[in-house]
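Peer 1: First the structure, which I've put down as structure tokens, then a few questions once you've had a look.
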Amino acid sequence: MRKVRNSRTDKALLKRNDQLAAEPNPLAFLLGGGEMGNLIRSMDWAATALGPVEGWPQSLRTTVSICLASDLPICVIWGPGLVQLYNDAYRVICGNKHPRSMGQNFSECWKEAWPVIGEAHDSALAGDTAFLEGQQIFLERHGYVEECFFTFSFSPIRDEAGRVGGLFHPVIEMTTQMLGERRTRALRDLTAHTNQAKSVSEALCLSAQALAAYDLDVPFVLLYECDPHSDQARLVGATDLQTDPVASSNTAVSGMKEQTPWPLEEVVRSGSAVQVNDMRERTSQALPGPYPEPPNAALALPIILLGADRPTAILIAGVSARLRMNEAYRSFYDLLAAAVTTAVAHARAYDDERRRAKALAELDRAKIAFFSNVSHEFRTPLTLMLGPVEDALAEPDEHLPPLQRERLEVVHRNGLRLQRLVNSLLDFSRIEAGRVRAAYEPTALADFTADLASNFRSACEKVGLELRVDCPPLSEPVFVDNPMWEKIVLNLLSNAFKFTFEGEIAVSLRQVDRAVELRVRDTGTGVPAEEIPRLFERFHRVENARGRTHEGSGIGLALVQELVHLHGGSISADSEVGRGTTFTISIPMGSQHLPQDQVGNRPAAPLPTAGANPFVEEALRWLPDADQRAAPGTELPSIQDDSTDTATSPAGHDDKRPLVLVADDNADMRQYVVRLLDVHYRTEAVQDGAAALAAARKRMPDLILTDVMMPGLDGFGLLQALRGDPRMSGVPVILLSARAGEERRIEGLQEGANDYLVKPFSARELLARVTAQLQMTRMRRESSAAIQVSEHQFRALVSASSDVVYRMNADWTELRHLQGREFIADTHEPNRSWLEKYIPLEDQPRIVEVIQASIRCKGVFELEHRVLRVDGDLGWAQSRAVPMLDEDGAIVEWFGTASDVTQQRRAQQTLIESEERYRSLFNAIDEGYCILEMIFDNNGKAVDYRFLEVNPAFSELTGLENVVGRRIRDITPDLEEHWFTTYGQVALTGEAVRFVNDAKSMDGRWFDVYARRIQLVDATH
């Protein structure tokens, strides 16, 4: 049901509403409005130009109501007195001006901002709306002049008469955004300005220059470079040197501990930023800055590079007097330091790289000079060596025995090889130094090239290679330096022969337009693609390349490239692994491109190619049969043999001398070493590591003497293969190498070599080291054999024993082996649950306790304990284990034995049970029993006796209490003599006796006594 009001009630309500309308609330428009609404309601506005609130026009009331209800900062300016009213959001903008600013004249309150806002204010009063964005204004609202940024507008408010009664003034503070954008620009410009710095000092100077444009945030900057080796710091950059009171550029502060306004020492010591306050008190001179009031604070920030333990530089940055040091401002300084650090790091890296490049260039020049000087110095002794050797070889055969001739040929051959290497180094150093003077002559290049290539034909035929030479005549002679062209062709052919094992080597010469193109192609092992760009680098060698030899200086192709460039030409290489390599050389025809003072006009003529002989001879020495070609026969004569002796014959089957296997890719070296060793040992020589490994597997050598650098399997690879083969792992290996130095020797020994011998070595040293290694190997074998015999005997002893034998690891957590002897179960594999397998659960804690005590003291473990037998029953074992210690005294393992003592334990138990039954009977019978120990004097007369044991009935019958262990003389001193005589006679004769007698000392009691002798274990009477 719905309730219905009557007419009388309706009339009353209407009357009440009329009364409320007639009496309005004058402060109703101020309801709400937050804190500022309360403040406005509480103020006496009658004392202001606005007058009482009741008299405010409706337009003002409405505007104020809108202002108080808004979340945006809004100020209402009203009347001729420019009285301002504002909301809670605007109160923040007022700062310390509030609350005095509420109701204050607007122009008076913001007089410091009037230069910026005055014109806009006046324009709005004239009726025109004004809008200003991002205006920089300096306000005094927090006790100091503060740099601020605002976006605001002034809009006219019309009163009831249509006139401008006041202004509507919304404001948005943009200080945080504007400062952030400005500081971002500063960091960006700092980075851009310093990215080309070439040194630390330059980076610091450029940093100061970049920051000079941002003095509103950083009034001044000082940058000190710290000396890494002392406590000095040098000022290298500043934003305003003319007004800097501390130091001028490039002034060294002689010690950071000296009195200065800046905490340099503290920053270096702590490695963190330090804020300096009260700068106006620290220095009498004004610090630089953009404002009339100088900055009063600064930050000293360390510039620490990554990985450094102390600052490289120190940044002194002033703090603006018109900005508050809040978190954003403080973070800006950290970002500044980071940007300077980055600039310094890049500059340091550039400077370090420049210094490295300079050092490398100086090193390169020194190296070239060294090679040049050394090459010159080598030539004199080489001339004096080769000259006499050549003279000796020119003697008739009857004047030079075969053995001496062979020795001189080895010297001559290797002397020529050394001379070629020296000449290559000298040529290269001259080219690098720009001191080469060529002699370019018109040459029949096709014929010359064909003649040079044909020198390798015999070598190619010996190894089954086809040498194809295709050099048709050219249209005109070509200007070349003949010795240089000879080195170009022979180096390329030698390189092709070195790395080609099957197929062919092709040499072709063609005219292409106005250039001559030489191609040397092979079907060899090829070069990996990543190595091709480095083929012509000095001393570069392709690692693990398969070749006929591992010898080489690494300058052949580099020299070829330089010689080609001297002819104004170019060289390139194409290669594919497994298919071969092609070198292409192109040189221009004519002579216009050549230095005219080095061009000759001698007519072309056939040219000798004697310079090819050393290349060909060396190539032939790479072949496996070089030993046989050098000296026919199966064995080489010893170098110790007299010159008149003939070559030794092969060793017979009964030769028991040690066998030494020699591996070296240099035939002369193989021959030399074999000659040295052949007198004392059997020898076998092979050309590389693979052949050595095959020979060792076929016939076990007593020692292997191997070169380190060999083609295919090198010395280290051979060593690893030997050590990985159980059958050959014990063969001693001596490494021979031309690489000297302690590091190389240590590397060889760490790889498993027994010795490392550096070339050149003396014959005595080689023989001594071989002999020492063979003797040590023999001693090791004898010791190993003795150990094996001893071990065999020990195992036989263990097998013959009936005791259980077991082995435990160091902490007894693992049973490694156990032979149970049919007493307990065997364990053949390591077992970590042995305790549960062999020991009853209730006995385990006691056994573990004894084990741990033995481990702690590293002593013998010994214990009699129960075990689970094979048949499942419990048995008893007497176990004993001793620790095995290493050289440091640490336990390695335990070796133990255990005896079956089950029967003994059972017998002991039976005896104990029997003893218990006897004891029960002894104590229960009514007759008195005692056991006496008779005491005799020196004449054998019984003089006393001691009670060893008595039963309770004995004490009742005799009245003697607590007599065990006591003498009868002490208990009853007056005991009759016949007791001693009778008992003594029984003890001496062993005849039992029964008698009845009295004991007056025992209250005259009479006793029926039966006495017989019993033999105690330790009795002597």
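Simple scheme: letters A, B, ... for chains in structure tokens order, numbers from 1 for residues in each chain, numbers from 1 for ligands in the order shown.
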Assign secondary structure with DSSP using the backbone only, and return the residues of segment 743-899 of chain A in strand (DSSP E) as an MDAnalysis selection string.

Peer 2: chainID A and resid 755:758 804:809 815:819 861:868 874:885 891:899

Peer 1: Determine, using only C-alpha atoms, which residues of segment 23-50 of chain A have any atom at most 10 Å from an atom of segment 78-84 of chain A, and tabulate each with its shortest atom pair and distance in Å to one decimal place, rows ordered by chain and then rising number, as a Markdown table.

Peer 2:
```
| residue | atom | partner | partner_atom | distance |
| --- | --- | --- | --- | --- |
| A:Thr48 | CA | A:Val83 | CA | 8.2 |
| A:Ala49 | CA | A:Gly81 | CA | 6.0 |
| A:Leu50 | CA | A:Gly79 | CA | 7.0 |
```

Peer 1: Which residue, A:Asn938, A:Gln671, A:Ser123, A:Thr175, has the smallest gap to Leu323 of chain A when you use only C-alpha atoms?

Peer 2: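 When distances to Leu323 of chain A are compared using only C-alpha atoms, the smallest one comes from A:Thr175.
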
Peer 1: As a count of residues only, please: every residue in segment 112-331 of chain A that DSSP puts in helix (DSSP H, G or I).

Peer 2: 68

Peer 1: Which value, in Å to one decimal, gives the distance between atom CA of Arg778 of chain A and atom CA of Pro760 of chain A?

Peer 2: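 Going from atom CA of Arg778 of chain A over to atom CA of Pro760 of chain A, I get 27.9 Å.
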
Peer 1: Any idea what the distance is between atom CA of Ala506 of chain A and atom CA of Ser494 of chain A?

Peer 2: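 Straight-line distance from atom CA of Ala506 of chain A to atom CA of Ser494 of chain A works out to 12.5 Å.
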
Peer 1: Choose the residue, out of A:Asp664, A:Glu476, A:Asp926, A:Glu862, that has the smallest atom-to-atom separation from Ala881 of chain A; count only C-alpha atoms.

Peer 2: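 Comparing A:Asp664, A:Glu476, A:Asp926, A:Glu862 against Ala881 of chain A, the winner is A:Glu862.
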
Peer 1: Compile the contact shell of segment 300-316 of chain A as a count of residues only: residues with an atom at most 10 Å away, counting only C-alpha atoms, same-chain residues fewer than 2 positions apart removed.

Peer 2: 50

Peer 1: I need the residue nearest Ala694 of chain A from this list: A:Cys930, A:Leu509, A:Val616, A:Leu661. Use only C-alpha atoms for the distance.

Peer 2: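 For Ala694 of chain A, the nearest of the candidates is A:Leu661.
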
Peer 1: When you draw a straight line from atom CA of Gly715 of chain A to atom CA of Gly689 of chain A, how long is it in Å?

Peer 2: 6.2 Å

Peer 1: Contacts of segment 451-465 of chain A at 12 Å or less, counting only C-alpha atoms, minus same-chain residues fewer than 6 places along, as a ChimeraX atom specification?

Peer 2: /A:444-445,471,482-483,485-509,518-520,522-524,548,606-626,629

Peer 1: With C-alpha atoms retained, write the just-selected residues as a PDB file, in the first residue's frame.

Peer 2:
```pdb
ATOM      1  CA  ALA A 444     112.687 -13.456 -73.584  1.00  0.00           C
ATOM      2  CA  LEU A 445     110.444 -14.254 -70.631  1.00  0.00           C
ATOM      3  CA  CYS A 471     105.145 -20.952 -72.270  1.00  0.00           C
ATOM      4  CA  ASN A 482     116.221 -11.550 -64.023  1.00  0.00           C
ATOM      5  CA  PRO A 483     117.324 -12.638 -60.497  1.00  0.00           C
ATOM      6  CA  TRP A 485     111.982 -13.249 -61.717  1.00  0.00           C
ATOM      7  CA  GLU A 486     114.022 -16.362 -61.002  1.00  0.00           C
ATOM      8  CA  LYS A 487     113.121 -16.130 -57.291  1.00  0.00           C
ATOM      9  CA  ILE A 488     109.465 -15.568 -58.146  1.00  0.00           C
ATOM     10  CA  VAL A 489     109.167 -18.661 -60.336  1.00  0.00           C
ATOM     11  CA  LEU A 490     111.314 -20.963 -58.184  1.00  0.00           C
ATOM     12  CA  ASN A 491     109.537 -20.015 -54.950  1.00  0.00           C
ATOM     13  CA  LEU A 492     106.141 -20.741 -56.495  1.00  0.00           C
ATOM     14  CA  LEU A 493     107.334 -24.055 -57.953  1.00  0.00           C
ATOM     15  CA  SER A 494     108.973 -25.068 -54.678  1.00  0.00           C
ATOM     16  CA  ASN A 495     105.754 -24.252 -52.818  1.00  0.00           C
ATOM     17  CA  ALA A 496     103.688 -26.294 -55.292  1.00  0.00           C
ATOM     18  CA  PHE A 497     106.028 -29.299 -55.044  1.00  0.00           C
ATOM     19  CA  LYS A 498     105.976 -29.129 -51.237  1.00  0.00           C
ATOM     20  CA  PHE A 499     102.186 -29.445 -50.974  1.00  0.00           C
ATOM     21  CA  THR A 500     101.361 -31.664 -53.985  1.00  0.00           C
ATOM     22  CA  PHE A 501     101.417 -35.447 -53.524  1.00  0.00           C
ATOM     23  CA  GLU A 502      99.601 -36.617 -56.649  1.00  0.00           C
ATOM     24  CA  GLY A 503      98.424 -35.182 -59.940  1.00  0.00           C
ATOM     25  CA  GLU A 504     100.332 -32.403 -61.658  1.00  0.00           C
ATOM     26  CA  ILE A 505     102.025 -29.022 -61.468  1.00  0.00           C
ATOM     27  CA  ALA A 506     101.312 -26.722 -64.409  1.00  0.00           C
ATOM     28  CA  VAL A 507     103.246 -23.578 -65.367  1.00  0.00           C
ATOM     29  CA  SER A 508     101.839 -21.311 -68.077  1.00  0.00           C
ATOM     30  CA  LEU A 509     102.769 -17.874 -69.427  1.00  0.00           C
ATOM     31  CA  LEU A 518     102.088 -16.236 -65.171  1.00  0.00           C
ATOM     32  CA  ARG A 519     100.048 -19.080 -63.679  1.00  0.00           C
ATOM     33  CA  VAL A 520     101.427 -21.799 -61.404  1.00  0.00           C
ATOM     34  CA  ASP A 522      98.906 -27.573 -58.665  1.00  0.00           C
ATOM     35  CA  THR A 523      96.575 -30.368 -57.589  1.00  0.00           C
ATOM     36  CA  GLY A 524      97.869 -30.335 -54.036  1.00  0.00           C
ATOM     37  CA  ARG A 548     106.342 -32.935 -47.608  1.00  0.00           C
ATOM     38  CA  PRO A 606     119.529 -16.841 -73.074  1.00  0.00           C
ATOM     39  CA  LEU A 607     120.055 -16.668 -69.306  1.00  0.00           C
ATOM     40  CA  PRO A 608     121.623 -19.251 -67.004  1.00  0.00           C
ATOM     41  CA  THR A 609     119.447 -20.722 -64.222  1.00  0.00           C
ATOM     42  CA  ALA A 610     122.096 -21.816 -61.751  1.00  0.00           C
ATOM     43  CA  GLY A 611     120.092 -20.255 -58.941  1.00  0.00           C
ATOM     44  CA  ALA A 612     117.596 -23.124 -59.244  1.00  0.00           C
ATOM     45  CA  ASN A 613     119.995 -25.741 -57.860  1.00  0.00           C
ATOM     46  CA  PRO A 614     119.492 -24.926 -54.140  1.00  0.00           C
ATOM     47  CA  PHE A 615     115.696 -25.008 -54.590  1.00  0.00           C
ATOM     48  CA  VAL A 616     115.783 -28.369 -56.348  1.00  0.00           C
ATOM     49  CA  GLU A 617     118.326 -29.868 -53.949  1.00  0.00           C
ATOM     50  CA  GLU A 618     116.212 -28.870 -50.986  1.00  0.00           C
ATOM     51  CA  ALA A 619     113.080 -30.300 -52.604  1.00  0.00           C
ATOM     52  CA  LEU A 620     114.847 -33.608 -53.191  1.00  0.00           C
ATOM     53  CA  ARG A 621     115.793 -33.757 -49.520  1.00  0.00           C
ATOM     54  CA  TRP A 622     112.080 -33.773 -48.670  1.00  0.00           C
ATOM     55  CA  LEU A 623     111.578 -37.160 -50.340  1.00  0.00           C
ATOM     56  CA  PRO A 624     111.397 -40.339 -48.218  1.00  0.00           C
ATOM     57  CA  ASP A 625     114.322 -41.975 -50.068  1.00  0.00           C
ATOM     58  CA  ALA A 626     116.655 -39.026 -49.541  1.00  0.00           C
ATOM     59  CA  ARG A 629     120.210 -41.315 -52.501  1.00  0.00           C
TER      60      ARG A 629
END
```

Peer 1: If we count only C-alpha atoms and set the cut-off at 6 Å, which residues sit around segment 990-1003 of chain A, ignoring sequence neighbours fewer than 3 positions away in its own chain? Please answer as a ChimeraX atom specification.

Peer 2: /A:974-975,986-987,1006-1013

Peer 1: Contacts of segment 584-599 of chain A at 7 Å or less, counting only C-alpha atoms, minus same-chain residues fewer than 6 places along, as a JSON list (two decimals) with all heavy atoms, in the first residue's frame?

Peer 2:
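The new file out-v6.json reads:
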```
[["chain", "number", "residue", "atom", "x", "y", "z"],
["A", 438, "ALA", "N", 116.67, -2.40, -58.66],
["A", 438, "ALA", "CA", 116.55, -3.47, -59.65],
["A", 438, "ALA", "C", 117.25, -3.08, -60.94],
["A", 438, "ALA", "O", 117.62, -1.92, -61.16],
["A", 438, "ALA", "CB", 115.07, -3.76, -59.90],
["A", 439, "ALA", "N", 117.44, -4.08, -61.79],
["A", 439, "ALA", "CA", 118.00, -3.86, -63.13],
["A", 439, "ALA", "C", 117.05, -4.54, -64.12],
["A", 439, "ALA", "O", 117.13, -5.74, -64.36],
["A", 439, "ALA", "CB", 119.40, -4.44, -63.23],
["A", 440, "TYR", "N", 116.12, -3.74, -64.66],
["A", 440, "TYR", "CA", 115.10, -4.28, -65.56],
["A", 440, "TYR", "C", 115.67, -4.34, -66.96],
["A", 440, "TYR", "O", 116.01, -3.31, -67.55],
["A", 440, "TYR", "CB", 113.85, -3.42, -65.52],
["A", 440, "TYR", "CG", 113.25, -3.28, -64.13],
["A", 440, "TYR", "CD1", 113.46, -2.12, -63.39],
["A", 440, "TYR", "CD2", 112.50, -4.31, -63.57],
["A", 440, "TYR", "CE1", 112.93, -1.98, -62.12],
["A", 440, "TYR", "CE2", 111.97, -4.18, -62.31],
["A", 440, "TYR", "CZ", 112.18, -3.02, -61.57],
["A", 440, "TYR", "OH", 111.67, -2.90, -60.32],
["A", 441, "GLU", "N", 115.75, -5.54, -67.50],
["A", 441, "GLU", "CA", 116.31, -5.76, -68.84],
["A", 441, "GLU", "C", 115.25, -6.42, -69.72],
["A", 441, "GLU", "O", 114.43, -7.20, -69.25],
["A", 441, "GLU", "CB", 117.53, -6.68, -68.76],
["A", 441, "GLU", "CG", 118.65, -6.16, -67.89],
["A", 441, "GLU", "CD", 119.42, -5.02, -68.53],
["A", 441, "GLU", "OE1", 119.20, -4.80, -69.75],
["A", 441, "GLU", "OE2", 120.20, -4.37, -67.83],
["A", 478, "VAL", "N", 110.07, -8.77, -72.41],
["A", 478, "VAL", "CA", 109.44, -8.19, -71.23],
["A", 478, "VAL", "C", 110.52, -7.67, -70.31],
["A", 478, "VAL", "O", 111.54, -8.35, -70.08],
["A", 478, "VAL", "CB", 108.56, -9.23, -70.51],
["A", 478, "VAL", "CG1", 107.88, -8.60, -69.29],
["A", 478, "VAL", "CG2", 107.52, -9.81, -71.46],
["A", 479, "PHE", "N", 110.33, -6.48, -69.79],
["A", 479, "PHE", "CA", 111.33, -5.89, -68.89],
["A", 479, "PHE", "C", 111.15, -6.47, -67.48],
["A", 479, "PHE", "O", 110.15, -6.21, -66.79],
["A", 479, "PHE", "CB", 111.18, -4.37, -68.85],
["A", 479, "PHE", "CG", 111.73, -3.68, -70.07],
["A", 479, "PHE", "CD1", 110.97, -3.57, -71.23],
["A", 479, "PHE", "CD2", 113.01, -3.15, -70.05],
["A", 479, "PHE", "CE1", 111.48, -2.94, -72.35],
["A", 479, "PHE", "CE2", 113.53, -2.51, -71.17],
["A", 479, "PHE", "CZ", 112.76, -2.42, -72.34],
["A", 514, "ARG", "N", 98.11, -5.81, -72.78],
["A", 514, "ARG", "CA", 99.47, -5.29, -72.63],
["A", 514, "ARG", "C", 100.08, -5.72, -71.30],
["A", 514, "ARG", "O", 100.78, -4.97, -70.62],
["A", 514, "ARG", "CB", 99.46, -3.76, -72.72],
["A", 514, "ARG", "CG", 99.17, -3.23, -74.11],
["A", 514, "ARG", "CD", 100.26, -3.61, -75.09],
["A", 514, "ARG", "NE", 101.55, -3.02, -74.70],
["A", 514, "ARG", "CZ", 102.73, -3.42, -75.17],
["A", 514, "ARG", "NH1", 102.79, -4.40, -76.07],
["A", 514, "ARG", "NH2", 103.86, -2.82, -74.79],
["A", 515, "ALA", "N", 99.82, -6.98, -70.92],
["A", 515, "ALA", "CA", 100.38, -7.52, -69.69],
["A", 515, "ALA", "C", 100.74, -8.98, -69.91],
["A", 515, "ALA", "O", 100.23, -9.63, -70.84],
["A", 515, "ALA", "CB", 99.39, -7.40, -68.53],
["A", 516, "VAL", "N", 101.65, -9.45, -69.10],
["A", 516, "VAL", "CA", 102.05, -10.87, -69.13],
["A", 516, "VAL", "C", 101.50, -11.53, -67.87],
["A", 516, "VAL", "O", 101.67, -11.01, -66.75],
["A", 516, "VAL", "CB", 103.58, -11.00, -69.18],
["A", 516, "VAL", "CG1", 103.98, -12.47, -69.09],
["A", 516, "VAL", "CG2", 104.11, -10.39, -70.46],
["A", 517, "GLU", "N", 100.86, -12.71, -68.07],
["A", 517, "GLU", "CA", 100.24, -13.41, -66.94],
["A", 517, "GLU", "C", 100.89, -14.76, -66.75],
["A", 517, "GLU", "O", 100.89, -15.61, -67.65],
["A", 517, "GLU", "CB", 98.74, -13.58, -67.21],
["A", 517, "GLU", "CG", 97.97, -14.14, -66.02],
["A", 517, "GLU", "CD", 96.48, -14.18, -66.29],
["A", 517, "GLU", "OE1", 95.81, -13.18, -65.99],
["A", 517, "GLU", "OE2", 96.02, -15.21, -66.82],
["A", 518, "LEU", "N", 101.47, -14.96, -65.54],
["A", 518, "LEU", "CA", 102.09, -16.24, -65.17],
["A", 518, "LEU", "C", 101.16, -16.97, -64.22],
["A", 518, "LEU", "O", 100.69, -16.40, -63.22],
["A", 518, "LEU", "CB", 103.43, -16.00, -64.48],
["A", 518, "LEU", "CG", 104.09, -17.23, -63.84],
["A", 518, "LEU", "CD1", 104.53, -18.23, -64.92],
["A", 518, "LEU", "CD2", 105.27, -16.83, -62.97],
["A", 519, "ARG", "N", 100.88, -18.25, -64.55],
["A", 519, "ARG", "CA", 100.05, -19.08, -63.68],
["A", 519, "ARG", "C", 100.84, -20.31, -63.25],
["A", 519, "ARG", "O", 101.43, -20.99, -64.10],
["A", 519, "ARG", "CB", 98.77, -19.54, -64.38],
["A", 519, "ARG", "CG", 97.73, -18.44, -64.58],
["A", 519, "ARG", "CD", 96.52, -18.99, -65.32],
["A", 519, "ARG", "NE", 95.50, -17.98, -65.52],
["A", 519, "ARG", "CZ", 94.49, -17.78, -64.67],
["A", 519, "ARG", "NH1", 94.37, -18.56, -63.61],
["A", 519, "ARG", "NH2", 93.60, -16.84, -64.90],
["A", 520, "VAL", "N", 100.84, -20.57, -61.95],
["A", 520, "VAL", "CA", 101.43, -21.80, -61.40],
["A", 520, "VAL", "C", 100.31, -22.52, -60.67],
["A", 520, "VAL", "O", 99.83, -22.06, -59.63],
["A", 520, "VAL", "CB", 102.61, -21.51, -60.45],
["A", 520, "VAL", "CG1", 103.15, -22.80, -59.88],
["A", 520, "VAL", "CG2", 103.70, -20.73, -61.20],
["A", 567, "HIS", "N", 107.84, -4.94, -59.86],
["A", 567, "HIS", "CA", 107.68, -4.94, -61.31],
["A", 567, "HIS", "C", 106.38, -4.26, -61.73],
["A", 567, "HIS", "O", 106.00, -4.31, -62.91],
["A", 567, "HIS", "CB", 107.68, -6.39, -61.85],
["A", 567, "HIS", "CG", 109.04, -7.02, -61.87],
["A", 567, "HIS", "ND1", 109.64, -7.52, -60.74],
["A", 567, "HIS", "CD2", 109.92, -7.21, -62.89],
["A", 567, "HIS", "CE1", 110.82, -8.02, -61.04],
["A", 567, "HIS", "NE2", 111.03, -7.84, -62.36],
["A", 568, "GLY", "N", 105.70, -3.63, -60.77],
["A", 568, "GLY", "CA", 104.45, -2.95, -61.09],
["A", 568, "GLY", "C", 103.31, -3.91, -61.31],
["A", 568, "GLY", "O", 102.30, -3.54, -61.94],
["A", 569, "GLY", "N", 103.44, -5.13, -60.84],
["A", 569, "GLY", "CA", 102.43, -6.14, -61.11],
["A", 569, "GLY", "C", 101.60, -6.47, -59.88],
["A", 569, "GLY", "O", 101.65, -5.81, -58.85],
["A", 570, "SER", "N", 100.81, -7.55, -60.02],
["A", 570, "SER", "CA", 99.94, -8.00, -58.94],
["A", 570, "SER", "C", 99.98, -9.52, -58.88],
["A", 570, "SER", "O", 100.32, -10.19, -59.86],
["A", 570, "SER", "CB", 98.49, -7.53, -59.17],
["A", 570, "SER", "OG", 97.98, -8.07, -60.38],
["A", 571, "ILE", "N", 99.61, -10.05, -57.71],
["A", 571, "ILE", "CA", 99.59, -11.50, -57.51],
["A", 571, "ILE", "C", 98.32, -11.84, -56.75],
["A", 571, "ILE", "O", 97.87, -11.09, -55.88],
["A", 571, "ILE", "CB", 100.84, -11.99, -56.75],
["A", 571, "ILE", "CG1", 100.81, -13.52, -56.61],
["A", 571, "ILE", "CG2", 100.97, -11.31, -55.39],
["A", 571, "ILE", "CD1", 102.10, -14.10, -56.06],
["A", 572, "SER", "N", 97.72, -12.97, -57.09],
["A", 572, "SER", "CA", 96.52, -13.44, -56.41],
["A", 572, "SER", "C", 96.58, -14.95, -56.29],
["A", 572, "SER", "O", 97.38, -15.61, -56.97],
["A", 572, "SER", "CB", 95.25, -13.02, -57.16],
["A", 572, "SER", "OG", 95.24, -13.60, -58.46],
["A", 573, "ALA", "N", 95.74, -15.49, -55.42],
["A", 573, "ALA", "CA", 95.72, -16.94, -55.20],
["A", 573, "ALA", "C", 94.28, -17.41, -55.14],
["A", 573, "ALA", "O", 93.43, -16.78, -54.51],
["A", 573, "ALA", "CB", 96.45, -17.29, -53.91]]
```

Peer 1: As a list in words, please: the residues near Asp574 of chain A (cut-off 10 Å, only C-alpha atoms, same-chain neighbours under 4 positions excluded).

Peer 2: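 Neighbouring residues, sequence-local ones excluded: Arg521, Gly526, Val527, Ala529, Ile532, Gly580, Thr581, Thr582, Phe583 and Thr584 of chain A.
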